[in-house]
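The file run-v3.txt comes next; it holds compact mmCIF, N, CA and C atoms.
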# COMPACT_ATOMS: atom_id res chain seq x y z
N MET I 15 80.82 -16.85 297.53
CA MET I 15 81.81 -17.44 296.66
C MET I 15 81.65 -18.94 296.70
N THR I 16 82.11 -19.56 295.63
CA THR I 16 82.03 -21.02 295.53
C THR I 16 83.43 -21.58 295.43
N ILE I 17 83.74 -22.50 296.34
CA ILE I 17 85.03 -23.19 296.33
C ILE I 17 84.74 -24.68 296.43
N ASN I 18 85.26 -25.41 295.46
CA ASN I 18 85.12 -26.87 295.45
C ASN I 18 83.65 -27.29 295.54
N GLY I 19 82.80 -26.55 294.82
CA GLY I 19 81.38 -26.90 294.77
C GLY I 19 80.56 -26.46 295.96
N ARG I 20 81.15 -25.78 296.89
CA ARG I 20 80.42 -25.34 298.08
C ARG I 20 80.36 -23.82 298.13
N GLN I 21 79.24 -23.33 298.55
CA GLN I 21 79.05 -21.89 298.68
C GLN I 21 79.54 -21.44 300.06
N TYR I 22 80.27 -20.33 300.07
CA TYR I 22 80.75 -19.75 301.32
C TYR I 22 80.38 -18.27 301.33
N ARG I 23 79.92 -17.83 302.46
CA ARG I 23 79.61 -16.42 302.64
C ARG I 23 80.77 -15.84 303.46
N MET I 24 81.43 -14.86 302.89
CA MET I 24 82.61 -14.28 303.54
C MET I 24 82.42 -12.78 303.71
N ALA I 25 83.03 -12.27 304.73
CA ALA I 25 83.04 -10.83 304.95
C ALA I 25 84.44 -10.31 304.66
N CYS I 26 84.50 -9.07 304.20
CA CYS I 26 85.79 -8.45 303.94
C CYS I 26 85.64 -6.95 304.11
N ASP I 27 86.77 -6.27 304.11
CA ASP I 27 86.75 -4.82 304.20
C ASP I 27 86.10 -4.24 302.95
N GLU I 28 85.54 -3.07 303.11
CA GLU I 28 84.91 -2.41 301.98
C GLU I 28 85.94 -2.18 300.86
N GLY I 29 85.52 -2.50 299.64
CA GLY I 29 86.41 -2.32 298.50
C GLY I 29 87.28 -3.53 298.21
N GLN I 30 87.23 -4.56 299.05
CA GLN I 30 88.07 -5.74 298.87
C GLN I 30 87.32 -6.93 298.28
N GLU I 31 86.06 -6.70 297.89
CA GLU I 31 85.24 -7.80 297.38
C GLU I 31 85.85 -8.45 296.14
N VAL I 32 86.29 -7.64 295.21
CA VAL I 32 86.86 -8.18 293.97
C VAL I 32 88.11 -9.00 294.27
N ARG I 33 88.94 -8.51 295.16
CA ARG I 33 90.16 -9.24 295.53
C ARG I 33 89.80 -10.57 296.17
N LEU I 34 88.83 -10.57 297.06
CA LEU I 34 88.41 -11.81 297.73
C LEU I 34 87.89 -12.82 296.71
N LEU I 35 87.13 -12.35 295.73
CA LEU I 35 86.62 -13.26 294.69
C LEU I 35 87.76 -13.81 293.84
N LYS I 36 88.75 -12.99 293.54
CA LYS I 36 89.91 -13.47 292.77
C LYS I 36 90.70 -14.52 293.57
N LEU I 37 90.82 -14.31 294.87
CA LEU I 37 91.51 -15.30 295.71
C LEU I 37 90.74 -16.62 295.69
N ALA I 38 89.43 -16.54 295.79
CA ALA I 38 88.60 -17.75 295.76
C ALA I 38 88.74 -18.44 294.41
N GLU I 39 88.77 -17.68 293.32
CA GLU I 39 88.95 -18.27 291.99
C GLU I 39 90.30 -18.97 291.89
N SER I 40 91.33 -18.36 292.46
CA SER I 40 92.66 -18.96 292.43
C SER I 40 92.67 -20.28 293.18
N LEU I 41 92.06 -20.29 294.35
CA LEU I 41 92.00 -21.52 295.14
C LEU I 41 91.20 -22.58 294.39
N GLN I 42 90.08 -22.19 293.82
CA GLN I 42 89.25 -23.13 293.06
C GLN I 42 90.04 -23.71 291.88
N SER I 43 90.81 -22.87 291.22
CA SER I 43 91.62 -23.34 290.09
C SER I 43 92.65 -24.36 290.55
N ARG I 44 93.26 -24.11 291.69
CA ARG I 44 94.26 -25.06 292.22
C ARG I 44 93.60 -26.39 292.57
N ILE I 45 92.44 -26.31 293.16
CA ILE I 45 91.73 -27.54 293.52
C ILE I 45 91.38 -28.33 292.26
N GLN I 46 90.92 -27.63 291.22
CA GLN I 46 90.58 -28.31 289.97
C GLN I 46 91.81 -28.96 289.34
N ASN I 47 92.95 -28.25 289.37
CA ASN I 47 94.19 -28.81 288.83
C ASN I 47 94.60 -30.06 289.59
N LEU I 48 94.51 -30.00 290.91
CA LEU I 48 94.86 -31.18 291.72
C LEU I 48 93.89 -32.33 291.45
N ARG I 49 92.60 -32.01 291.30
CA ARG I 49 91.61 -33.05 290.99
C ARG I 49 91.96 -33.70 289.65
N GLY I 50 92.42 -32.87 288.69
CA GLY I 50 92.81 -33.41 287.38
C GLY I 50 94.01 -34.34 287.49
N LYS I 51 94.93 -34.04 288.39
CA LYS I 51 96.13 -34.87 288.56
C LYS I 51 95.86 -36.13 289.37
N PHE I 52 95.07 -35.99 290.45
CA PHE I 52 94.92 -37.10 291.40
C PHE I 52 93.55 -37.75 291.38
N GLY I 53 92.61 -37.17 290.65
CA GLY I 53 91.26 -37.74 290.60
C GLY I 53 90.48 -37.36 291.85
N GLU I 54 89.44 -38.09 292.09
CA GLU I 54 88.58 -37.85 293.25
C GLU I 54 89.20 -38.50 294.49
N ILE I 55 89.92 -37.72 295.25
CA ILE I 55 90.58 -38.25 296.45
C ILE I 55 89.97 -37.67 297.72
N GLY I 56 88.86 -36.99 297.57
CA GLY I 56 88.18 -36.41 298.72
C GLY I 56 88.33 -34.89 298.74
N ASP I 57 87.22 -34.24 298.99
CA ASP I 57 87.21 -32.77 298.98
C ASP I 57 88.16 -32.18 300.02
N ALA I 58 88.13 -32.72 301.21
CA ALA I 58 88.98 -32.17 302.28
C ALA I 58 90.45 -32.33 301.92
N ARG I 59 90.79 -33.48 301.39
CA ARG I 59 92.19 -33.73 301.03
C ARG I 59 92.64 -32.80 299.89
N LEU I 60 91.79 -32.59 298.89
CA LEU I 60 92.11 -31.68 297.80
C LEU I 60 92.29 -30.26 298.31
N THR I 61 91.42 -29.85 299.22
CA THR I 61 91.51 -28.50 299.78
C THR I 61 92.79 -28.34 300.59
N VAL I 62 93.14 -29.33 301.37
CA VAL I 62 94.38 -29.27 302.16
C VAL I 62 95.59 -29.25 301.22
N MET I 63 95.57 -30.07 300.17
CA MET I 63 96.68 -30.08 299.23
C MET I 63 96.82 -28.72 298.53
N ALA I 64 95.69 -28.11 298.16
CA ALA I 64 95.73 -26.78 297.54
C ALA I 64 96.30 -25.76 298.52
N ALA I 65 95.87 -25.85 299.77
CA ALA I 65 96.39 -24.92 300.79
C ALA I 65 97.89 -25.12 300.99
N LEU I 66 98.34 -26.36 300.99
CA LEU I 66 99.77 -26.64 301.15
C LEU I 66 100.58 -26.11 299.98
N THR I 67 100.05 -26.22 298.76
CA THR I 67 100.79 -25.68 297.61
C THR I 67 100.87 -24.15 297.72
N LEU I 68 99.80 -23.53 298.20
CA LEU I 68 99.84 -22.08 298.40
C LEU I 68 100.85 -21.70 299.47
N CYS I 69 100.86 -22.45 300.57
CA CYS I 69 101.84 -22.18 301.64
C CYS I 69 103.26 -22.39 301.14
N ASP I 70 103.48 -23.40 300.32
CA ASP I 70 104.80 -23.65 299.76
C ASP I 70 105.25 -22.48 298.90
N GLU I 71 104.36 -21.99 298.04
CA GLU I 71 104.69 -20.83 297.20
C GLU I 71 104.94 -19.59 298.05
N LEU I 72 104.14 -19.41 299.10
CA LEU I 72 104.32 -18.26 299.99
C LEU I 72 105.66 -18.34 300.71
N LEU I 73 106.04 -19.52 301.16
CA LEU I 73 107.33 -19.70 301.83
C LEU I 73 108.48 -19.41 300.87
N ASP I 74 108.38 -19.92 299.63
CA ASP I 74 109.42 -19.64 298.63
C ASP I 74 109.49 -18.15 298.33
N ALA I 75 108.34 -17.51 298.18
CA ALA I 75 108.31 -16.07 297.88
C ALA I 75 108.90 -15.28 299.04
N SER I 76 108.59 -15.66 300.26
CA SER I 76 109.15 -14.98 301.44
C SER I 76 110.67 -15.13 301.46
N HIS I 77 111.15 -16.31 301.14
CA HIS I 77 112.60 -16.54 301.10
C HIS I 77 113.24 -15.67 300.03
N ARG I 78 112.62 -15.62 298.84
CA ARG I 78 113.16 -14.78 297.76
C ARG I 78 113.17 -13.31 298.17
N ILE I 79 112.12 -12.87 298.84
CA ILE I 79 112.04 -11.48 299.29
C ILE I 79 113.16 -11.18 300.28
N ARG I 80 113.37 -12.08 301.25
CA ARG I 80 114.46 -11.88 302.22
C ARG I 80 115.81 -11.82 301.52
N THR I 81 116.02 -12.72 300.56
CA THR I 81 117.28 -12.73 299.82
C THR I 81 117.47 -11.43 299.06
N LEU I 82 116.41 -10.97 298.40
CA LEU I 82 116.49 -9.71 297.65
C LEU I 82 116.71 -8.52 298.57
N GLU I 83 116.08 -8.54 299.75
CA GLU I 83 116.28 -7.45 300.71
C GLU I 83 117.73 -7.42 301.18
N GLU I 84 118.31 -8.61 301.42
CA GLU I 84 119.72 -8.67 301.82
C GLU I 84 120.63 -8.15 300.71
N GLU I 85 120.33 -8.55 299.46
CA GLU I 85 121.11 -8.06 298.34
C GLU I 85 120.98 -6.55 298.21
N LEU I 86 119.77 -6.05 298.41
CA LEU I 86 119.53 -4.60 298.33
C LEU I 86 120.32 -3.87 299.41
N ASP I 87 120.32 -4.41 300.62
CA ASP I 87 121.11 -3.80 301.70
C ASP I 87 122.59 -3.79 301.33
N GLY I 88 123.06 -4.90 300.77
CA GLY I 88 124.46 -4.96 300.34
C GLY I 88 124.76 -3.92 299.27
N LEU I 89 123.87 -3.79 298.31
CA LEU I 89 124.06 -2.80 297.26
C LEU I 89 124.03 -1.38 297.81
N ARG I 90 123.16 -1.15 298.79
CA ARG I 90 123.12 0.18 299.42
C ARG I 90 124.44 0.47 300.13
N ASN I 91 124.99 -0.54 300.79
CA ASN I 91 126.28 -0.36 301.47
C ASN I 91 127.39 -0.07 300.46
N VAL I 92 127.37 -0.81 299.34
CA VAL I 92 128.37 -0.59 298.30
C VAL I 92 128.23 0.82 297.73
N ARG I 93 126.98 1.24 297.49
CA ARG I 93 126.74 2.58 296.96
C ARG I 93 127.22 3.64 297.93
N ALA I 94 126.95 3.45 299.23
CA ALA I 94 127.40 4.42 300.23
C ALA I 94 128.92 4.48 300.27
N ALA I 95 129.58 3.32 300.20
CA ALA I 95 131.04 3.30 300.21
C ALA I 95 131.59 3.98 298.95
N ALA I 96 130.95 3.73 297.81
CA ALA I 96 131.39 4.37 296.57
C ALA I 96 131.21 5.88 296.64
N ALA I 97 130.09 6.31 297.24
CA ALA I 97 129.85 7.76 297.39
C ALA I 97 130.90 8.37 298.31
N ASP I 98 131.26 7.65 299.38
CA ASP I 98 132.30 8.15 300.28
C ASP I 98 133.64 8.25 299.56
N ARG I 99 133.97 7.22 298.76
CA ARG I 99 135.23 7.25 298.00
C ARG I 99 135.21 8.39 296.98
N ALA I 100 134.07 8.59 296.32
CA ALA I 100 133.96 9.66 295.33
C ALA I 100 134.13 11.02 296.01
N SER I 101 133.54 11.17 297.19
CA SER I 101 133.67 12.42 297.93
C SER I 101 135.12 12.65 298.34
N ALA I 102 135.78 11.61 298.83
CA ALA I 102 137.18 11.72 299.22
C ALA I 102 138.04 12.05 298.01
N THR I 103 137.73 11.44 296.86
CA THR I 103 138.48 11.72 295.64
C THR I 103 138.28 13.17 295.21
N GLN I 104 137.05 13.67 295.30
CA GLN I 104 136.78 15.07 294.94
C GLN I 104 137.55 16.02 295.84
N ILE I 105 137.58 15.71 297.12
CA ILE I 105 138.32 16.55 298.06
C ILE I 105 139.82 16.52 297.73
N ALA I 106 140.35 15.33 297.45
CA ALA I 106 141.77 15.20 297.12
C ALA I 106 142.09 15.96 295.83
N VAL I 107 141.21 15.86 294.83
CA VAL I 107 141.44 16.57 293.57
C VAL I 107 141.38 18.08 293.81
N ALA I 108 140.39 18.53 294.58
CA ALA I 108 140.27 19.96 294.87
C ALA I 108 141.51 20.46 295.62
N ASN I 109 141.99 19.68 296.58
CA ASN I 109 143.20 20.07 297.32
C ASN I 109 144.41 20.12 296.40
N ALA I 110 144.53 19.13 295.50
CA ALA I 110 145.65 19.11 294.56
C ALA I 110 145.59 20.31 293.62
N LEU I 111 144.39 20.64 293.15
CA LEU I 111 144.24 21.80 292.27
C LEU I 111 144.56 23.10 293.01
N ASN I 112 144.10 23.21 294.25
CA ASN I 112 144.41 24.40 295.05
C ASN I 112 145.91 24.53 295.27
N SER I 113 146.54 23.41 295.57
CA SER I 113 147.99 23.42 295.79
C SER I 113 148.71 23.82 294.50
N ALA I 114 148.27 23.26 293.37
CA ALA I 114 148.89 23.61 292.09
C ALA I 114 148.67 25.09 291.78
N ALA I 115 147.47 25.60 292.06
CA ALA I 115 147.18 27.02 291.81
C ALA I 115 148.07 27.91 292.68
N GLU I 116 148.28 27.50 293.93
CA GLU I 116 149.17 28.29 294.82
C GLU I 116 150.60 28.29 294.30
N ARG I 117 151.08 27.12 293.81
CA ARG I 117 152.44 27.05 293.26
C ARG I 117 152.56 27.92 292.00
N ILE I 118 151.53 27.88 291.18
CA ILE I 118 151.55 28.70 289.96
C ILE I 118 151.57 30.18 290.33
N GLU I 119 150.77 30.57 291.33
CA GLU I 119 150.76 31.97 291.76
C GLU I 119 152.13 32.40 292.30
N ARG I 120 152.76 31.54 293.11
CA ARG I 120 154.09 31.85 293.63
C ARG I 120 155.11 31.98 292.51
N THR I 121 155.04 31.03 291.57
CA THR I 121 155.97 31.07 290.43
C THR I 121 155.74 32.33 289.61
N THR I 122 154.48 32.71 289.41
CA THR I 122 154.15 33.92 288.66
C THR I 122 154.70 35.15 289.36
N LEU I 123 154.56 35.21 290.70
CA LEU I 123 155.10 36.34 291.46
C LEU I 123 156.62 36.43 291.30
N VAL I 124 157.29 35.30 291.38
CA VAL I 124 158.75 35.28 291.23
C VAL I 124 159.13 35.74 289.83
N LEU I 125 158.44 35.23 288.83
CA LEU I 125 158.73 35.62 287.45
C LEU I 125 158.45 37.11 287.23
N ASN I 126 157.37 37.61 287.78
CA ASN I 126 157.04 39.03 287.62
C ASN I 126 158.12 39.91 288.26
N ARG I 127 158.61 39.49 289.42
CA ARG I 127 159.68 40.26 290.07
C ARG I 127 160.96 40.22 289.22
N THR I 128 161.26 39.02 288.70
CA THR I 128 162.46 38.85 287.90
C THR I 128 162.35 39.65 286.60
N ILE I 129 161.26 39.52 285.92
CA ILE I 129 161.08 40.22 284.66
C ILE I 129 160.87 41.71 284.90
N GLY I 130 160.15 42.04 285.94
CA GLY I 130 159.89 43.44 286.27
C GLY I 130 161.16 44.20 286.56
N GLY I 131 162.15 43.55 287.11
CA GLY I 131 163.41 44.20 287.41
C GLY I 131 164.32 44.28 286.20
N GLY I 132 163.95 43.58 285.13
CA GLY I 132 164.78 43.54 283.94
C GLY I 132 164.36 44.58 282.92
N VAL I 133 164.67 44.32 281.65
CA VAL I 133 164.41 45.24 280.54
C VAL I 133 162.98 45.11 280.11
N ALA I 134 162.30 46.20 279.87
CA ALA I 134 160.93 46.20 279.39
C ALA I 134 160.92 45.88 277.90
N ILE I 135 160.03 45.10 277.47
CA ILE I 135 159.93 44.70 276.06
C ILE I 135 158.81 45.51 275.43
N GLY I 136 159.10 45.96 274.21
CA GLY I 136 158.05 46.57 273.46
C GLY I 136 158.28 47.94 273.14

Starting from the file, give its structure as structure tokens.
Amino acid sequence: MTINGRQYRMACDEGQEVRLLKLAESLQSRIQNLRGKFGEIGDARLTVMAALTLCDELLDASHRIRTLEEELDGLRNVRAAAADRASATQIAVANALNSAAERIERTTLVLNRTIGGGVAIG
């Protein structure tokens, strides 16, 4: 690979050659952009500046990832709490329906006894 006009021979895991070349192209692009902004300020300095910009982006990305992971954990907790509330609500509704059904059955039994003891219709 060529970075900043110099050839480098690198080793990588099998199947990672294309990725390594893309990384080298990215670094080369950053160095060229910095050279365009600052002119010829020395190869080592340009390379260090490119590395620092990459580290800065990596640090920002890591921070964003941590923030998103924290938000995701919070959302998972909210979802779990909502699921618990939904389950408790379902149980309460089922209990209320069972209680209402029992009252209806008792009322029906009382009515059947009352009507059954009275005059037959029809």

Using the file's own x, y and z axes, what box holds all listed atoms of range 119-129 of chain I with 8 Å on each side, keeping edges along x, y and z, and what are its centre and edge lengths in Å to one decimal, as JSON?
{"center_x": 156.6, "center_y": 36.1, "center_z": 289.1, "size_x": 27.7, "size_y": 27.1, "size_z": 25.0}

**OP:** Tell me, as a PyMOL selection string, which residues lie within 12 Å of range 65-70 of chain I, counting only C-alpha atoms; anything in the same chain fewer than 6 positions away does not count.
**Re:** chain I and resi 37-38+40-45+47-48+58-59+76-77

Original post:
Which of chain I counts as strand (DSSP E or B) under DSSP, as a PyMOL selection string please?
Top reply: chain I and resi 16-17+20-21

**OP:** Would you please work out which residue, of I:Met24, I:Asn18, I:Arg78, I:Ala114, is nearest to Thr61 in chain I when using all atoms listed in the file?
**Re:**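 Going through I:Met24, I:Asn18, I:Arg78, I:Ala114 one by one, the smallest distance to Thr61 in chain I is for I:Asn18.
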
**OP:** List every residue of chain I that DSSP, applied to the backbone of this structure, places in alpha helix (DSSP H), and write the result as a VMD selection string.
**Re:** chain I and resid 31 to 52 57 to 130

**OP:** Rounded to one decimal place, report the CA of Gln30 in chain I-CA of Met15 in chain I distance in Å.
**Re:**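 These two atoms are separated by 13.5 Å.
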
**OP:** Provide the atom C of Phe52 in chain I to atom N of Leu72 in chain I distance in Å, to one decimal place.
**Re:**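 Interatomic distance, atom C of Phe52 in chain I to atom N of Leu72 in chain I: 22.5 Å.
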